[in-house]
Amino acid sequence: MKEQKILRETFSVCPVCLKKVKAYVAEKDGKVVILKECSEHGSFNDVYWSRADIYHKAEKLKKPSSKPLQDNCPHNCGLNDCSHHSSKTVMAVIDITNECDLRCPICFANASNSSDLYKPTLETIHSMLKFLKKQDPPPLAVMFAGGEPTIREDIVEIVKMAHDLEFMILLATNGIRMSQNPELVRKLKKAGLNIVYLQFDGLTDSPYEKLRGAKLLQQKLNLVKLCREHDIEIILVPTLQGGINDNEIGDMIRFAAENVDIIRGIVFQPMSFTGRTSDIVSRENRVDNSLLAQRIEEQTNGMIREEDLFPVSVMVPPLQVMNTFLTKTWPPFTPTPYCGLWNWVLISKRGKHIFTPISRFLNFEAFMSDLKALNRIIKQRKIGKIGIYLRLFFAAFRSLDWGKVQREAGLLNAVKTLIKIHTDPSYDSLGYIRRRLLLIGCMAFMDPYNFDVERAHHCVIHYITPENRIVPFCVYNMFYRKQTEKQFCIPHISAKHT
């Protein structure tokens with residue numbers, strides 16, 4: 001057994017009393033662990049990443065702060081008042097109810113378990129949306145969540161309000177009501193819904209029975225068909241737990257690839273031990289970012305390898321170039337490298353069973369290096385838009401694998417698309433390739449055992465409360481959900497069940 005090596009200091013919380021404590025991220029026996037001690041409840045350690053080699057590779061793209069910030073985070077949190085928060089809101093989450101038509105044993109929000117109803121009014125939701133729109137910059141997207149948001153009879157009106165304010169709109173749903181109601185799907189599409197963020201835990205009923213308490217697979221498949229009919233795109237969202245559904249990771253990726261015309265991506269969410277989760281599953285079987293990368297390589301037979309997955313912050317240089325051409329800038333994707341790993345895969349023209357990460361077509365290291373150099377020139381105001389176009393053109397030609405690109409997309413079309421994405425970013429700029437691109441991602445949310453204040457300071461996914469307080473996602477679920485729902489609830493109304 002090797003001695004542990006301290007990698008960095010941070011702050012965490014005691015998982016018993018939630019008091020803020022000093023913590024150390026350390027490497028030991030090929031793993032990265034987080035170590036901490038509470039004066040009242042003793043010492044704790046938890047696996048941060050199961051594979052230290054993948055952890056170090058991810059960290060190369062974005063180094064952590066040299067010293068942990070001494071502030072009130074995570075207590076008394078809110079971006080509105082926090083001068084230390086380092087990232088803007090990329091996606092804002094609005095819980096519109098705490099009712100649910102399931103009672104999942106692993107619900108991180110503890111939904112459908114309260115005698116008080118949390119249900120912001122239409123006026124309150126509209127006020128929250130307008131507040132978000134005034135942020136500088138405003139978030140790219142709004143996600144309506146809960147509970148189960150489709151329980152609300154006015155869900156179509158809520159989506160329409162966000163659409164009128166020109167947000168991209170995601171709906172986080174278990175899909176039950178939508179799968180049984182084609183008319184609701186049609187109305188949501190007409191109201192402006194962009195993406196169904198669909199709870200999707202596997203391609204057999206076993207994971208649903210264990211994680212959700214019901215057989216739900218057929219309803220998920222029915223909703224995929226309905227969304228195709230009405231052209232509402234889908235992102236599949238599996239909650240992962242070792243020994244329950246980590247053996248279905250490859251099958252879920254293949255299913256997404258087979259339905260890439262309507263499924264835009266699959267975002268794996270390793271189990272977060274908040275809410276009701278710890279009642280039925282063990283932290284010993286936690287699937288962290290690095291273990292997921294390993295499982296993906298194993299279960300796709302190497303079509304997606306561990307080294308094909310990158311922290312989302314790899315997108316910062318392209319976004320900086322894009323903002324040069326936008327009248328309203330986009331917020332930068334600047335979470336820590338510890339939050340998740342991502343890539344896009346291109347589904348082959350030779351068959352949907354063949355998919356290739358775009359980093360195999362494009363030398364990421366060379367391309368990002370060119371973009372960083374370009375951004376330095378842009379910042380110094382030493383280049384015009386024609387010069388930017390030319391540098392993007394040469395960066396693309398220098399970085400692309402000509403043979404692979406010509407076979408799967410056509411070289412000139414690929415170069416044109418790559419330039420257009422940076423100079424006129426939108427779904428339309430992807431052209432026909434859009435229906436062949438699939439996002440493969442992992443977002444590992446924190447819990448009291450692995451909480452790291454470094455991640456909280458850089459979070460880009462934020463909840464907004466009815467009092468217009470903006471709070472990082474993981475911090476909200478651990479420290480603010482209960483008090484927010486209690487503060488703004490309608491007392492003594494029991495949650496509904498089906």
# chains A, B, ... in the order shown; residues from 1 in each chain; ligands from 1
$ residues_around --residues "Met271 of chain A" --least-positions-apart "6" --cutoff "8 Å" --atoms "only C-alpha atoms" --output "list in words"
Thr239, Leu240, Gln241, Thr277, Arg286, Val287, Ala444 and Phe445 of chain A
$ select_by_dssp --residues "segment 7-237 of chain A" --states "strand (DSSP E)" --output "PyMOL selection string"
chain A and resi 7-13+20-28+31-38+42-49+91-95+117-118+141-145+168-173+195-199+233-237
$ write_last_selection --atoms "C-alpha atoms" --output "PDB file, in the first residue's frame"
ATOM      1  CA  LEU A   7      -2.867  17.029  -4.144  1.00  0.00           C
ATOM      2  CA  ARG A   8      -4.608  20.156  -2.875  1.00  0.00           C
ATOM      3  CA  GLU A   9      -6.473  21.705   0.026  1.00  0.00           C
ATOM      4  CA  THR A  10     -10.132  22.669  -0.120  1.00  0.00           C
ATOM      5  CA  PHE A  11     -13.149  22.994   2.135  1.00  0.00           C
ATOM      6  CA  SER A  12     -15.932  20.459   2.470  1.00  0.00           C
ATOM      7  CA  VAL A  13     -18.678  19.751   5.003  1.00  0.00           C
ATOM      8  CA  LYS A  20     -17.887  23.512   6.988  1.00  0.00           C
ATOM      9  CA  VAL A  21     -14.540  21.768   7.521  1.00  0.00           C
ATOM     10  CA  LYS A  22     -11.106  21.816   5.944  1.00  0.00           C
ATOM     11  CA  ALA A  23     -10.525  18.965   3.518  1.00  0.00           C
ATOM     12  CA  TYR A  24      -7.698  17.452   1.516  1.00  0.00           C
ATOM     13  CA  VAL A  25      -7.854  15.892  -1.921  1.00  0.00           C
ATOM     14  CA  ALA A  26      -5.243  13.141  -1.942  1.00  0.00           C
ATOM     15  CA  GLU A  27      -3.952  10.316  -4.148  1.00  0.00           C
ATOM     16  CA  LYS A  28      -3.722   6.876  -2.638  1.00  0.00           C
ATOM     17  CA  LYS A  31      -7.390   6.548  -6.495  1.00  0.00           C
ATOM     18  CA  VAL A  32      -8.154  10.151  -5.599  1.00  0.00           C
ATOM     19  CA  VAL A  33      -9.912  10.549  -2.249  1.00  0.00           C
ATOM     20  CA  ILE A  34     -11.267  13.450  -0.215  1.00  0.00           C
ATOM     21  CA  LEU A  35     -10.307  13.472   3.472  1.00  0.00           C
ATOM     22  CA  LYS A  36     -11.839  15.590   6.227  1.00  0.00           C
ATOM     23  CA  GLU A  37     -12.466  15.699   9.939  1.00  0.00           C
ATOM     24  CA  CYS A  38     -15.278  17.157  12.027  1.00  0.00           C
ATOM     25  CA  GLY A  42     -14.859  12.395  13.551  1.00  0.00           C
ATOM     26  CA  SER A  43     -12.982  11.619  10.337  1.00  0.00           C
ATOM     27  CA  PHE A  44     -14.474  10.886   6.926  1.00  0.00           C
ATOM     28  CA  ASN A  45     -13.075   9.911   3.569  1.00  0.00           C
ATOM     29  CA  ASP A  46     -14.745   9.220   0.260  1.00  0.00           C
ATOM     30  CA  VAL A  47     -13.564   8.289  -3.213  1.00  0.00           C
ATOM     31  CA  TYR A  48     -13.322  11.428  -5.331  1.00  0.00           C
ATOM     32  CA  TRP A  49     -12.214   9.654  -8.544  1.00  0.00           C
ATOM     33  CA  MET A  91     -28.365  26.825 -17.414  1.00  0.00           C
ATOM     34  CA  ALA A  92     -30.894  27.947 -14.816  1.00  0.00           C
ATOM     35  CA  VAL A  93     -33.108  25.375 -13.110  1.00  0.00           C
ATOM     36  CA  ILE A  94     -36.593  26.310 -11.902  1.00  0.00           C
ATOM     37  CA  ASP A  95     -38.445  23.831  -9.723  1.00  0.00           C
ATOM     38  CA  LEU A 117     -47.080  21.857  -1.637  1.00  0.00           C
ATOM     39  CA  TYR A 118     -44.348  23.886  -3.329  1.00  0.00           C
ATOM     40  CA  ALA A 141     -31.132  27.696 -21.241  1.00  0.00           C
ATOM     41  CA  VAL A 142     -33.813  27.241 -18.619  1.00  0.00           C
ATOM     42  CA  MET A 143     -34.771  23.834 -17.268  1.00  0.00           C
ATOM     43  CA  PHE A 144     -38.148  23.289 -15.619  1.00  0.00           C
ATOM     44  CA  ALA A 145     -37.926  20.586 -12.989  1.00  0.00           C
ATOM     45  CA  MET A 168     -33.805  27.468 -24.864  1.00  0.00           C
ATOM     46  CA  ILE A 169     -36.169  25.305 -22.806  1.00  0.00           C
ATOM     47  CA  LEU A 170     -35.543  21.890 -21.267  1.00  0.00           C
ATOM     48  CA  LEU A 171     -38.128  19.869 -19.372  1.00  0.00           C
ATOM     49  CA  ALA A 172     -36.753  17.417 -16.792  1.00  0.00           C
ATOM     50  CA  THR A 173     -39.350  14.660 -16.692  1.00  0.00           C
ATOM     51  CA  ILE A 195     -35.590  19.405 -25.305  1.00  0.00           C
ATOM     52  CA  VAL A 196     -37.111  16.670 -23.172  1.00  0.00           C
ATOM     53  CA  TYR A 197     -34.544  15.877 -20.474  1.00  0.00           C
ATOM     54  CA  LEU A 198     -35.744  12.328 -19.988  1.00  0.00           C
ATOM     55  CA  GLN A 199     -35.078  10.163 -16.928  1.00  0.00           C
ATOM     56  CA  GLU A 233     -35.398  16.577 -29.209  1.00  0.00           C
ATOM     57  CA  ILE A 234     -34.405  14.363 -26.291  1.00  0.00           C
ATOM     58  CA  ILE A 235     -31.473  14.086 -23.930  1.00  0.00           C
ATOM     59  CA  LEU A 236     -31.435  10.791 -22.042  1.00  0.00           C
ATOM     60  CA  VAL A 237     -30.492  11.103 -18.361  1.00  0.00           C
TER      61      VAL A 237
END
$ residues_around --residues "Gly250 of chain A" --least-positions-apart "2" --cutoff "6 Å" --atoms "only C-alpha atoms" --output "ChimeraX atom specification"
/A:248,252-253,299-300
$ residues_around --residues "Ala257 of chain A" --least-positions-apart "6" --cutoff "8 Å" --atoms "only C-alpha atoms" --output "compact mmCIF listing (two decimals) with N, CA and C atoms, in the first residue's frame"
# COMPACT_ATOMS: atom_id res chain seq x y z
N ILE A 263 -32.65 11.94 -30.65
CA ILE A 263 -31.92 12.00 -29.38
C ILE A 263 -30.63 12.77 -29.59
N ILE A 347 -22.25 9.80 -35.69
CA ILE A 347 -22.78 8.51 -36.10
C ILE A 347 -22.46 8.31 -37.58
N LYS A 352 -25.52 2.99 -38.02
CA LYS A 352 -25.65 3.63 -36.72
C LYS A 352 -24.95 2.87 -35.61
N HIS A 353 -24.47 1.66 -35.93
CA HIS A 353 -23.72 0.91 -34.93
C HIS A 353 -22.27 1.36 -34.87
N PHE A 355 -19.84 4.65 -34.36
CA PHE A 355 -19.80 6.06 -33.96
C PHE A 355 -18.38 6.41 -33.55
N LEU A 438 -24.06 13.19 -31.53
CA LEU A 438 -24.62 12.73 -30.26
C LEU A 438 -23.67 13.14 -29.13
$ closest_residue --among "A:Gln320, A:Ser359, A:Asn450, A:Ser313" --to "Glu59 of chain A" --atoms "only C-alpha atoms"
A:Ser313
$ closest_atom_pairs --of "segment 319-397 of chain A" --to "segment 416-425 of chain A" --cutoff "7 Å" --atoms "only C-alpha atoms" --output "JSON lines"
{"residue": "A:Val321", "atom": "CA", "partner": "A:His422", "partner_atom": "CA", "distance": 6.3}
{"residue": "A:Met322", "atom": "CA", "partner": "A:His422", "partner_atom": "CA", "distance": 4.7}
{"residue": "A:Phe325", "atom": "CA", "partner": "A:Thr423", "partner_atom": "CA", "distance": 5.6}
{"residue": "A:Leu392", "atom": "CA", "partner": "A:Ile419", "partner_atom": "CA", "distance": 6.2}
{"residue": "A:Phe393", "atom": "CA", "partner": "A:Ile419", "partner_atom": "CA", "distance": 6.7}
$ write_last_selection --atoms "C-alpha atoms" --output "CSV table (one decimal), in the first residue's frame"
chain,number,residue,atom,x,y,z
A,321,VAL,CA,-14.3,33.2,-30.5
A,322,MET,CA,-18.0,32.8,-30.9
A,325,PHE,CA,-19.6,37.5,-33.5
A,392,LEU,CA,-10.3,29.6,-38.3
A,393,PHE,CA,-9.9,28.2,-41.9
$ closest_residue --among "A:Gly242, A:Pro120, A:Gly441, A:Pro311" --to "Pro335 of chain A" --atoms "only C-alpha atoms"
A:Pro311
$ closest_residue --among "A:Glu157, A:Glu454, A:Asp308, A:Glu365" --to "Leu61 of chain A" --atoms "only C-alpha atoms"
A:Glu365
$ residues_around --residues "Ala214 of chain A" --least-positions-apart "2" --cutoff "9 Å" --atoms "only C-alpha atoms" --output "list in words"
Leu102, Cys104, Asp205, Tyr208, Glu209, Lys210, Leu211, Arg212 and Leu216 of chain A
$ residues_around --residues "segment 471-478 of chain A" --least-positions-apart "4" --cutoff "7 Å" --atoms "only C-alpha atoms" --output "ChimeraX atom specification"
/A:74,77-79,109,274,445-447,456,459,461-464
$ select_by_dssp --residues "segment 267-487 of chain A" --states "helix (DSSP H, G or I)" --output "VMD selection string"
chain A and resid 277 to 279 283 to 285 289 to 299 306 to 308 312 to 325 358 to 360 364 to 379 385 to 399 402 to 408 411 to 423 428 to 436 453 to 458 473 to 487
$ write_last_selection --atoms "C-alpha atoms" --output "mmCIF file, in the first residue's frame"
data_model
loop_
_atom_site.group_PDB
_atom_site.id
_atom_site.type_symbol
_atom_site.label_atom_id
_atom_site.label_comp_id
_atom_site.auth_asym_id
_atom_site.auth_seq_id
_atom_site.Cartn_x
_atom_site.Cartn_y
_atom_site.Cartn_z
ATOM 1 C CA THR A 277 -30.757 8.089 -1.903
ATOM 2 C CA SER A 278 -28.737 6.687 0.988
ATOM 3 C CA ASP A 279 -31.730 4.710 2.235
ATOM 4 C CA ARG A 283 -21.614 4.756 -1.543
ATOM 5 C CA GLU A 284 -19.272 1.799 -1.983
ATOM 6 C CA ASN A 285 -20.867 1.220 -5.410
ATOM 7 C CA ASN A 289 -16.432 10.194 -13.564
ATOM 8 C CA SER A 290 -13.330 8.080 -14.083
ATOM 9 C CA LEU A 291 -15.094 4.780 -13.481
ATOM 10 C CA LEU A 292 -17.764 5.801 -15.984
ATOM 11 C CA ALA A 293 -15.089 6.590 -18.579
ATOM 12 C CA GLN A 294 -13.679 3.104 -18.027
ATOM 13 C CA ARG A 295 -17.121 1.492 -18.360
ATOM 14 C CA ILE A 296 -17.820 3.422 -21.579
ATOM 15 C CA GLU A 297 -14.623 2.152 -23.195
ATOM 16 C CA GLU A 298 -15.286 -1.413 -22.059
ATOM 17 C CA GLN A 299 -18.920 -1.510 -23.153
ATOM 18 C CA GLU A 306 -11.266 6.891 -21.898
ATOM 19 C CA GLU A 307 -9.024 9.513 -23.502
ATOM 20 C CA ASP A 308 -11.865 10.636 -25.779
ATOM 21 C CA VAL A 312 -16.508 20.648 -20.439
ATOM 22 C CA SER A 313 -14.128 23.578 -19.901
ATOM 23 C CA VAL A 314 -12.367 22.456 -23.093
ATOM 24 C CA MET A 315 -15.109 24.532 -24.802
ATOM 25 C CA VAL A 316 -13.900 27.866 -23.382
ATOM 26 C CA PRO A 317 -11.618 28.865 -26.337
ATOM 27 C CA PRO A 318 -14.304 28.157 -28.996
ATOM 28 C CA LEU A 319 -16.900 30.105 -26.986
ATOM 29 C CA GLN A 320 -14.571 33.082 -26.705
ATOM 30 C CA VAL A 321 -14.273 33.176 -30.500
ATOM 31 C CA MET A 322 -18.047 32.756 -30.904
ATOM 32 C CA ASN A 323 -18.741 35.704 -28.622
ATOM 33 C CA THR A 324 -16.806 37.934 -31.007
ATOM 34 C CA PHE A 325 -19.630 37.472 -33.528
ATOM 35 C CA ILE A 358 -15.115 14.102 -32.928
ATOM 36 C CA SER A 359 -11.678 14.301 -31.307
ATOM 37 C CA ARG A 360 -10.666 11.494 -33.716
ATOM 38 C CA PHE A 364 -8.179 18.944 -30.109
ATOM 39 C CA GLU A 365 -4.785 19.947 -28.749
ATOM 40 C CA ALA A 366 -3.685 21.663 -31.961
ATOM 41 C CA PHE A 367 -7.079 23.259 -32.647
ATOM 42 C CA MET A 368 -7.520 24.616 -29.121
ATOM 43 C CA SER A 369 -3.961 25.948 -29.164
ATOM 44 C CA ASP A 370 -4.748 27.875 -32.352
ATOM 45 C CA LEU A 371 -7.974 29.219 -30.846
ATOM 46 C CA LYS A 372 -6.200 30.360 -27.690
ATOM 47 C CA ALA A 373 -3.665 32.246 -29.839
ATOM 48 C CA LEU A 374 -6.519 33.720 -31.878
ATOM 49 C CA ASN A 375 -8.322 34.873 -28.726
ATOM 50 C CA ARG A 376 -5.191 36.670 -27.522
ATOM 51 C CA ILE A 377 -5.081 38.585 -30.809
ATOM 52 C CA ILE A 378 -8.796 39.362 -30.636
ATOM 53 C CA LYS A 379 -8.402 40.660 -27.081
ATOM 54 C CA LYS A 385 -13.554 39.549 -38.724
ATOM 55 C CA ILE A 386 -12.043 38.611 -42.097
ATOM 56 C CA GLY A 387 -8.790 37.821 -40.315
ATOM 57 C CA ILE A 388 -10.680 35.672 -37.798
ATOM 58 C CA TYR A 389 -12.333 33.741 -40.657
ATOM 59 C CA LEU A 390 -8.944 33.097 -42.275
ATOM 60 C CA ARG A 391 -7.317 31.945 -39.036
ATOM 61 C CA LEU A 392 -10.260 29.606 -38.338
ATOM 62 C CA PHE A 393 -9.912 28.230 -41.860
ATOM 63 C CA PHE A 394 -6.222 27.471 -41.425
ATOM 64 C CA ALA A 395 -6.737 26.110 -37.897
ATOM 65 C CA ALA A 396 -9.365 23.726 -39.253
ATOM 66 C CA PHE A 397 -7.179 22.508 -42.102
ATOM 67 C CA ARG A 398 -4.202 22.062 -39.782
ATOM 68 C CA SER A 399 -6.199 20.080 -37.219
ATOM 69 C CA TRP A 402 -8.533 14.791 -43.893
ATOM 70 C CA GLY A 403 -9.124 11.140 -44.750
ATOM 71 C CA LYS A 404 -11.607 10.441 -41.941
ATOM 72 C CA VAL A 405 -13.436 13.715 -42.455
ATOM 73 C CA GLN A 406 -13.767 13.203 -46.212
ATOM 74 C CA ARG A 407 -15.187 9.712 -45.674
ATOM 75 C CA GLU A 408 -17.806 10.682 -43.083
ATOM 76 C CA LEU A 411 -13.780 17.848 -46.170
ATOM 77 C CA LEU A 412 -15.087 21.160 -47.509
ATOM 78 C CA ASN A 413 -18.428 20.707 -45.766
ATOM 79 C CA ALA A 414 -16.662 19.923 -42.484
ATOM 80 C CA VAL A 415 -14.429 23.006 -42.722
ATOM 81 C CA LYS A 416 -17.407 25.195 -43.620
ATOM 82 C CA THR A 417 -19.409 23.794 -40.699
ATOM 83 C CA LEU A 418 -16.513 24.248 -38.261
ATOM 84 C CA ILE A 419 -16.114 27.903 -39.260
ATOM 85 C CA LYS A 420 -19.850 28.573 -39.234
ATOM 86 C CA ILE A 421 -20.249 27.098 -35.727
ATOM 87 C CA HIS A 422 -17.727 29.653 -34.444
ATOM 88 C CA THR A 423 -18.997 32.658 -36.406
ATOM 89 C CA ASP A 428 -28.747 25.566 -37.993
ATOM 90 C CA SER A 429 -25.002 26.133 -38.394
ATOM 91 C CA LEU A 430 -24.444 22.401 -37.922
ATOM 92 C CA GLY A 431 -26.420 21.675 -41.092
ATOM 93 C CA TYR A 432 -27.283 18.055 -41.812
ATOM 94 C CA ILE A 433 -24.549 16.842 -39.429
ATOM 95 C CA ARG A 434 -26.723 17.968 -36.528
ATOM 96 C CA ARG A 435 -28.876 14.832 -36.843
ATOM 97 C CA ARG A 436 -25.767 12.667 -36.698
ATOM 98 C CA VAL A 453 -16.034 24.169 -2.313
ATOM 99 C CA GLU A 454 -13.777 24.573 -5.366
ATOM 100 C CA ARG A 455 -16.498 23.019 -7.504
ATOM 101 C CA ALA A 456 -19.217 25.164 -5.927
ATOM 102 C CA HIS A 457 -17.312 28.360 -6.760
ATOM 103 C CA HIS A 458 -17.107 27.377 -10.436
ATOM 104 C CA PHE A 473 -26.998 23.224 -8.211
ATOM 105 C CA CYS A 474 -25.275 20.943 -5.707
ATOM 106 C CA VAL A 475 -25.287 23.566 -2.972
ATOM 107 C CA TYR A 476 -29.031 24.096 -3.409
ATOM 108 C CA ASN A 477 -29.858 20.402 -3.074
ATOM 109 C CA MET A 478 -27.752 19.987 0.032
ATOM 110 C CA PHE A 479 -28.433 23.200 1.919
ATOM 111 C CA TYR A 480 -31.298 25.246 0.486
ATOM 112 C CA ARG A 481 -33.969 23.010 -1.034
ATOM 113 C CA LYS A 482 -35.797 22.215 2.213
ATOM 114 C CA GLN A 483 -35.803 25.772 3.502
ATOM 115 C CA THR A 484 -36.857 27.208 0.124
ATOM 116 C CA GLU A 485 -39.749 24.784 -0.275
ATOM 117 C CA LYS A 486 -40.835 25.417 3.316
ATOM 118 C CA GLN A 487 -40.597 29.187 2.912
#
$ closest_residue --among "A:Phe310, A:Phe167, A:Phe255, A:Phe333" --to "Cys442 of chain A" --atoms "only C-alpha atoms"
A:Phe310
$ decode --residues "segment 374-399 of chain A" --atoms "N, CA and C atoms" --output "short mmCIF file (atom, residue, chain, number, x, y, z; two decimals), in the first residue's frame"
data_model
loop_
_atom_site.label_atom_id
_atom_site.label_comp_id
_atom_site.auth_asym_id
_atom_site.auth_seq_id
_atom_site.Cartn_x
_atom_site.Cartn_y
_atom_site.Cartn_z
N LEU A 374 -5.60 32.82 -31.20
CA LEU A 374 -6.52 33.72 -31.88
C LEU A 374 -7.23 34.63 -30.87
N ASN A 375 -7.64 34.07 -29.74
CA ASN A 375 -8.32 34.87 -28.73
C ASN A 375 -7.42 35.95 -28.14
N ARG A 376 -6.13 35.65 -28.02
CA ARG A 376 -5.19 36.67 -27.52
C ARG A 376 -5.12 37.85 -28.50
N ILE A 377 -5.13 37.53 -29.79
CA ILE A 377 -5.08 38.58 -30.81
C ILE A 377 -6.38 39.38 -30.81
N ILE A 378 -7.50 38.68 -30.68
CA ILE A 378 -8.80 39.36 -30.64
C ILE A 378 -8.86 40.32 -29.44
N LYS A 379 -8.37 39.84 -28.30
CA LYS A 379 -8.40 40.66 -27.08
C LYS A 379 -7.56 41.92 -27.25
N GLN A 380 -6.47 41.84 -28.02
CA GLN A 380 -5.60 42.99 -28.25
C GLN A 380 -6.12 43.89 -29.38
N ARG A 381 -7.29 43.48 -29.95
CA ARG A 381 -7.93 44.24 -31.04
C ARG A 381 -7.00 44.42 -32.24
N LYS A 382 -6.26 43.35 -32.55
CA LYS A 382 -5.31 43.40 -33.67
C LYS A 382 -5.78 42.62 -34.88
N ILE A 383 -7.08 42.28 -34.92
CA ILE A 383 -7.58 41.48 -36.03
C ILE A 383 -9.04 41.80 -36.27
N GLY A 384 -9.43 41.81 -37.55
CA GLY A 384 -10.83 42.02 -37.91
C GLY A 384 -11.51 40.70 -38.18
N LYS A 385 -12.78 40.77 -38.55
CA LYS A 385 -13.55 39.55 -38.72
C LYS A 385 -13.06 38.72 -39.90
N ILE A 386 -12.59 39.37 -40.97
CA ILE A 386 -12.04 38.61 -42.10
C ILE A 386 -10.80 37.84 -41.65
N GLY A 387 -9.97 38.49 -40.84
CA GLY A 387 -8.79 37.82 -40.32
C GLY A 387 -9.16 36.64 -39.43
N ILE A 388 -10.22 36.77 -38.65
CA ILE A 388 -10.68 35.67 -37.80
C ILE A 388 -11.12 34.50 -38.67
N TYR A 389 -11.89 34.80 -39.73
CA TYR A 389 -12.33 33.74 -40.66
C TYR A 389 -11.13 32.98 -41.22
N LEU A 390 -10.11 33.73 -41.66
CA LEU A 390 -8.94 33.10 -42.27
C LEU A 390 -8.20 32.22 -41.27
N ARG A 391 -8.03 32.73 -40.04
CA ARG A 391 -7.32 31.94 -39.04
C ARG A 391 -8.11 30.68 -38.66
N LEU A 392 -9.45 30.79 -38.60
CA LEU A 392 -10.26 29.61 -38.34
C LEU A 392 -10.12 28.59 -39.47
N PHE A 393 -10.06 29.10 -40.69
CA PHE A 393 -9.91 28.23 -41.86
C PHE A 393 -8.60 27.44 -41.78
N PHE A 394 -7.52 28.14 -41.49
CA PHE A 394 -6.22 27.47 -41.43
C PHE A 394 -6.12 26.55 -40.20
N ALA A 395 -6.74 26.97 -39.09
CA ALA A 395 -6.74 26.11 -37.90
C ALA A 395 -7.48 24.81 -38.18
N ALA A 396 -8.59 24.92 -38.91
CA ALA A 396 -9.37 23.73 -39.25
C ALA A 396 -8.57 22.79 -40.15
N PHE A 397 -7.95 23.34 -41.18
CA PHE A 397 -7.18 22.51 -42.10
C PHE A 397 -5.98 21.87 -41.41
N ARG A 398 -5.37 22.59 -40.48
CA ARG A 398 -4.20 22.06 -39.78
C ARG A 398 -4.59 20.94 -38.83
N SER A 399 -5.81 20.98 -38.30
CA SER A 399 -6.20 20.08 -37.22
C SER A 399 -7.02 18.88 -37.67
#
